[in-house]
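Content type compact mmCIF, C-alpha atoms, from the file target_17.txt:
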# COMPACT_ATOMS: atom_id res chain seq x y z
CA MET L 535 88.84 110.91 91.99
CA SER L 536 87.59 109.38 95.20
CA HIS L 537 84.57 110.87 96.92
CA PHE L 538 83.94 111.07 100.66
CA ALA L 539 80.31 111.25 101.77
CA TYR L 540 80.98 111.91 105.49
CA PRO L 541 79.47 108.64 106.65
CA CYS L 542 78.38 108.02 110.19
CA PRO L 543 81.60 106.93 111.92
CA ASP L 544 79.90 103.82 113.29
CA CYS L 545 77.27 102.47 110.87
CA ARG L 546 78.50 104.34 107.74
CA SER L 547 75.02 105.73 107.00
CA THR L 548 75.03 108.84 104.84
CA THR L 549 71.54 109.86 105.92
CA ASP L 550 69.85 110.64 109.24
CA LEU L 551 68.78 106.98 109.42
CA HIS L 552 71.25 104.96 111.47
CA ASP L 553 71.48 101.23 112.10
CA PRO L 554 69.51 100.23 115.24
CA ASP L 555 72.67 99.50 117.26
CA CYS L 556 74.67 102.50 116.01
CA ASN L 557 76.66 104.36 118.66
CA PHE L 558 75.71 107.66 117.02
CA GLY L 559 72.04 106.94 116.37
CA GLY L 560 70.01 110.13 116.62
CA ARG L 561 72.92 112.33 115.50
CA SER L 562 72.01 114.43 112.48
CA ARG L 563 73.92 114.70 109.22
CA SER L 564 74.94 118.23 110.13
CA GLU L 565 76.39 117.09 113.49
CA ILE L 566 78.34 114.31 111.78
CA GLU L 567 79.61 116.57 109.02
CA ARG L 568 80.63 119.20 111.60
CA ALA L 569 82.70 116.63 113.51
CA TYR L 570 84.54 115.68 110.32
CA ALA L 571 84.97 119.35 109.38
CA ASP L 572 86.44 120.12 112.82
CA VAL L 573 89.03 117.35 112.43
CA LEU L 574 89.84 118.18 108.81
CA ALA L 575 90.07 121.94 109.41
CA VAL L 576 92.86 121.46 111.91
CA LEU L 577 94.72 118.76 109.98
CA SER L 578 94.52 120.73 106.73
CA THR L 579 96.96 123.23 108.26
CA GLY L 580 99.57 120.50 108.81
CA PRO L 581 100.38 117.46 110.95
CA ARG L 582 99.36 117.60 114.61
CA PRO L 583 99.82 115.33 117.62
CA ALA L 584 96.47 113.81 118.62
CA ALA L 585 96.33 115.79 121.88
CA GLN L 586 96.95 119.06 120.05
CA LEU L 587 94.31 118.15 117.46
CA ARG L 588 91.75 117.70 120.22
CA ARG L 589 92.67 121.06 121.81
CA SER L 590 92.74 122.92 118.47
CA ALA L 591 89.36 121.78 117.17
CA PRO L 592 86.62 124.41 117.26
CA GLY L 593 84.19 123.84 120.11
CA GLU L 594 84.16 120.90 122.47
CA TRP L 595 85.78 117.62 121.36
CA THR L 596 83.21 114.81 121.65
CA PRO L 597 83.05 111.05 121.08
CA LEU L 598 81.62 111.90 117.65
CA HIS L 599 84.91 113.67 116.85
CA ASP L 600 86.84 110.57 117.99
CA GLY L 601 84.61 108.46 115.76
CA ALA L 602 85.16 110.76 112.77
CA LEU L 603 88.92 110.65 113.29
CA ASP L 604 88.87 106.84 113.58
CA ARG L 605 86.80 106.57 110.37
CA LEU L 606 89.25 108.89 108.56
CA ARG L 607 92.11 106.62 109.69
CA ARG L 608 90.32 103.41 108.66
CA GLU L 609 89.56 104.86 105.24
CA HIS L 610 93.19 105.88 104.79
CA ARG L 611 92.50 109.60 104.71
CA VAL L 612 94.53 110.32 107.87
CA ARG L 613 97.70 108.54 108.97
CA GLU L 614 99.99 108.62 111.94
CA ASP L 615 103.50 109.77 111.17
CA GLY L 616 105.49 109.35 114.37
CA ASP L 617 103.40 111.00 117.05
CA ALA L 618 101.57 113.27 114.59
CA LEU L 619 98.39 112.80 112.59
CA GLU L 620 98.34 114.07 109.01
CA LEU L 621 96.07 114.11 105.98
CA LEU L 622 97.05 111.96 103.03
CA THR L 623 97.15 113.52 99.59
CA PRO L 624 94.75 111.97 97.07
CA GLU L 625 97.70 110.20 95.42
CA GLU L 626 98.97 108.82 98.75
CA ARG L 627 95.50 107.59 99.64
CA THR L 628 94.98 105.86 96.30
CA GLU L 629 98.30 104.08 96.75
CA ALA L 630 97.45 103.11 100.36
CA ILE L 631 94.10 101.53 99.43
CA SER L 632 95.23 99.82 96.24
CA THR L 633 96.44 96.77 98.14
CA PRO L 634 93.73 95.25 100.36
CA THR L 635 95.08 94.33 103.80
CA HIS L 636 91.97 92.78 105.37
CA GLU L 637 91.38 89.04 105.26
CA PRO L 638 89.91 87.32 103.38
CA LEU L 639 90.40 89.86 100.58
CA ARG L 640 94.16 90.00 101.11
CA THR L 641 94.44 86.32 100.09
CA VAL L 642 92.27 86.91 97.02
CA TYR L 643 94.37 89.92 96.04
CA GLU L 644 97.76 88.29 96.65
CA GLN L 645 97.08 84.89 95.11
CA GLY L 646 94.65 85.91 92.39
CA SER L 647 91.48 84.21 91.35
CA VAL L 648 91.33 80.58 90.26
CA PRO L 649 88.68 78.71 88.25
CA GLY L 650 85.73 78.02 90.52
CA CYS L 651 85.80 81.37 92.29
CA HIS L 652 86.22 83.94 89.52
CA ASP L 653 82.78 85.46 89.96
CA ASN L 654 83.18 85.83 93.74
CA ALA L 655 86.76 87.13 93.49
CA VAL L 656 86.03 89.79 90.88
CA PHE L 657 82.83 90.77 92.71
CA ALA L 658 84.81 91.18 95.95
CA MET L 659 87.54 93.28 94.32
CA VAL L 660 85.03 95.62 92.66
CA ALA L 661 83.08 95.96 95.92
CA TRP L 662 86.29 96.69 97.88
CA TYR L 663 87.38 99.52 95.60
CA GLU L 664 83.87 101.00 95.63
CA MET L 665 83.80 100.86 99.44
CA VAL L 666 87.14 102.66 99.80
CA GLY L 667 85.93 105.42 97.50
CA LEU L 668 87.57 104.92 94.14
CA SER L 669 85.67 106.13 91.07
CA TRP L 670 84.32 103.55 88.62
CA ASP L 671 87.16 104.25 86.18
CA GLU L 672 89.79 103.84 88.94
CA THR L 673 88.07 100.66 90.13
CA LYS L 674 87.98 99.18 86.64
CA GLU L 675 91.65 100.01 86.07
CA ARG L 676 92.75 98.48 89.40
CA VAL L 677 90.73 95.28 88.94
CA VAL L 678 91.98 94.76 85.37
CA GLU L 679 95.58 95.26 86.61
CA TRP L 680 94.96 92.78 89.42
CA LEU L 681 93.55 90.17 87.02
CA GLU L 682 96.64 90.45 84.82
CA GLU L 683 99.36 90.88 87.47
CA SER L 684 98.08 88.13 89.78
CA GLY L 685 98.02 85.63 86.91
CA ALA L 686 94.27 85.08 87.30
CA TRP L 687 93.50 86.02 83.70
CA ALA L 688 96.26 83.75 82.38
CA ARG L 689 94.86 80.81 84.39
CA GLY L 690 91.71 81.03 82.29
CA GLY L 691 88.22 79.88 83.07
CA PHE L 692 86.51 83.15 82.14
CA GLU L 693 83.60 83.41 79.72
CA GLU L 694 84.45 86.99 78.74
CA ASN L 695 86.97 87.70 76.00
CA SER L 696 88.96 90.35 77.91
CA PRO L 697 89.59 91.47 81.49
CA GLU L 698 88.00 94.83 80.64
CA THR L 699 84.77 93.13 79.52
CA LEU L 700 84.74 90.98 82.65
CA VAL L 701 85.07 93.98 84.94
CA GLU L 702 82.54 96.01 82.97
CA ASP L 703 80.06 93.14 83.53
CA LYS L 704 80.48 93.76 87.30
CA ARG L 705 79.63 97.45 87.12
CA HIS L 706 76.31 96.76 88.86
CA VAL L 707 78.27 95.64 91.94
CA TYR L 708 79.93 99.05 92.03
CA GLU L 709 76.75 100.99 91.39
CA GLN L 710 74.72 99.11 94.02
CA GLY L 711 77.43 99.35 96.69
CA TYR L 712 77.44 95.65 97.54
CA GLY L 713 79.78 94.49 100.31
CA TRP L 714 82.96 92.52 99.61
CA LYS L 715 83.44 90.26 102.64
CA GLU L 716 81.04 87.39 101.89
CA LYS L 717 82.26 86.99 98.30
CA ALA L 718 85.92 87.31 99.34
CA THR L 719 85.43 84.61 102.00
CA ALA L 720 83.94 82.24 99.43
CA ALA L 721 86.73 82.98 96.93
CA LYS L 722 89.45 82.49 99.56
CA ARG L 723 88.13 79.01 100.43
CA VAL L 724 88.45 77.92 96.78
CA ILE L 725 91.89 79.54 96.37
CA GLU L 726 93.25 77.85 99.49
CA ARG L 727 91.91 74.44 98.43
CA ARG L 728 93.78 74.77 95.12
CA ALA L 729 97.02 76.14 96.58
Have the structure of the file written as structure tokens, please.
Amino acid sequence: MSHFAYPCPDCRSTTDLHDPDCNFGGRSRSEIERAYADVLAVLSTGPRPAAQLRRSAPGEWTPLHDGALDRLRREHRVREDGDALELLTPEERTEAISTPTHEPLRTVYEQGSVPGCHDNAVFAMVAWYEMVGLSWDETKERVVEWLEESGAWARGGFEENSPETLVEDKRHVYEQGYGWKEKATAAKRVIERRA
């Protein structure tokens, strides 16, 4: 089950401490959570056009509300269906985030890891699924499936004796919340050289 911590829409902080250049620096956790709650309260009653969402939200619609809505879209919790915005069910969201669409991770996901970049590729996949909010068990399941379905495990070059052991060895990546982009970029360079 994925968990949503109501991050700052700009810097993703989950505390009152924002990045120095954050557009919402100085906004409290309660203000941020209220903006999300205003958006979600309206959308939980059914799909709404964006203009109607803004008019239906309790209180005044602010840039913080726009930021919360944008973050909900980016994290695949809200989608546009025609001219209406709607909440995704947990199952729909899990399906939507299972296939990374951002480069360089898309290349890693689609082509699979190759010897020379296994550590970076697996690190990046674990970090991606943690970032999008999958539980550890969901992350482990998705990464093991990816290793097998992409052909990466069959290509060999791993020290571990099973994909499950390999992913379990990366649990610290999940628990520490490391980012995926740097490792995915390094893995993509190796994959493209071998393609």
*asked:* Would you compute the distance between CA of Tyr643 in chain L and CA of His706 in chain L? Give it in Å to one decimal.
replied: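 If I compute the distance from CA of Tyr643 in chain L to CA of His706 in chain L, I get 20.6 Å.
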*Please work out which residues fall within 12 Å of (86.9, 102.0, 98.4), coordinates as given in the file, with only C-alpha atoms counting, and return them as a PyMOL selection string.*
chain L and resi 535-539+608-611+627-634+658-670+672-673+676+708+711-714
Counting only C-alpha atoms, what is within 12 Å of Leu621 in chain L, bar same-chain residues fewer than 4 positions away, as a PDB file with C-alpha atoms, in the coordinates of the input?
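So the final result, stored in selection.pdb, reads:
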ATOM      1  CA  VAL L 573      89.030 117.350 112.430  1.00  0.00           C
ATOM      2  CA  LEU L 574      89.840 118.180 108.810  1.00  0.00           C
ATOM      3  CA  ALA L 575      90.070 121.940 109.410  1.00  0.00           C
ATOM      4  CA  VAL L 576      92.860 121.460 111.910  1.00  0.00           C
ATOM      5  CA  LEU L 577      94.720 118.760 109.980  1.00  0.00           C
ATOM      6  CA  SER L 578      94.520 120.730 106.730  1.00  0.00           C
ATOM      7  CA  THR L 579      96.960 123.230 108.260  1.00  0.00           C
ATOM      8  CA  GLY L 580      99.570 120.500 108.810  1.00  0.00           C
ATOM      9  CA  PRO L 581     100.380 117.460 110.950  1.00  0.00           C
ATOM     10  CA  ARG L 582      99.360 117.600 114.610  1.00  0.00           C
ATOM     11  CA  LEU L 603      88.920 110.650 113.290  1.00  0.00           C
ATOM     12  CA  LEU L 606      89.250 108.890 108.560  1.00  0.00           C
ATOM     13  CA  ARG L 607      92.110 106.620 109.690  1.00  0.00           C
ATOM     14  CA  GLU L 609      89.560 104.860 105.240  1.00  0.00           C
ATOM     15  CA  HIS L 610      93.190 105.880 104.790  1.00  0.00           C
ATOM     16  CA  ARG L 611      92.500 109.600 104.710  1.00  0.00           C
ATOM     17  CA  VAL L 612      94.530 110.320 107.870  1.00  0.00           C
ATOM     18  CA  ARG L 613      97.700 108.540 108.970  1.00  0.00           C
ATOM     19  CA  GLU L 614      99.990 108.620 111.940  1.00  0.00           C
ATOM     20  CA  ASP L 615     103.500 109.770 111.170  1.00  0.00           C
ATOM     21  CA  GLU L 625      97.700 110.200  95.420  1.00  0.00           C
ATOM     22  CA  GLU L 626      98.970 108.820  98.750  1.00  0.00           C
ATOM     23  CA  ARG L 627      95.500 107.590  99.640  1.00  0.00           C
TER      24      ARG L 627
END
*Would you please work out which residue, of L:Lys722, L:Arg568, L:Arg605, L:Lys704, is nearest to Gly593 in chain L when using only C-alpha atoms?*
L:Arg568
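Taking only C-alpha atoms into account, Leu681 in chain L lies nearest to L:Ser647 out of the set L:Ser647, L:Ser562, L:Thr548, L:Thr596.
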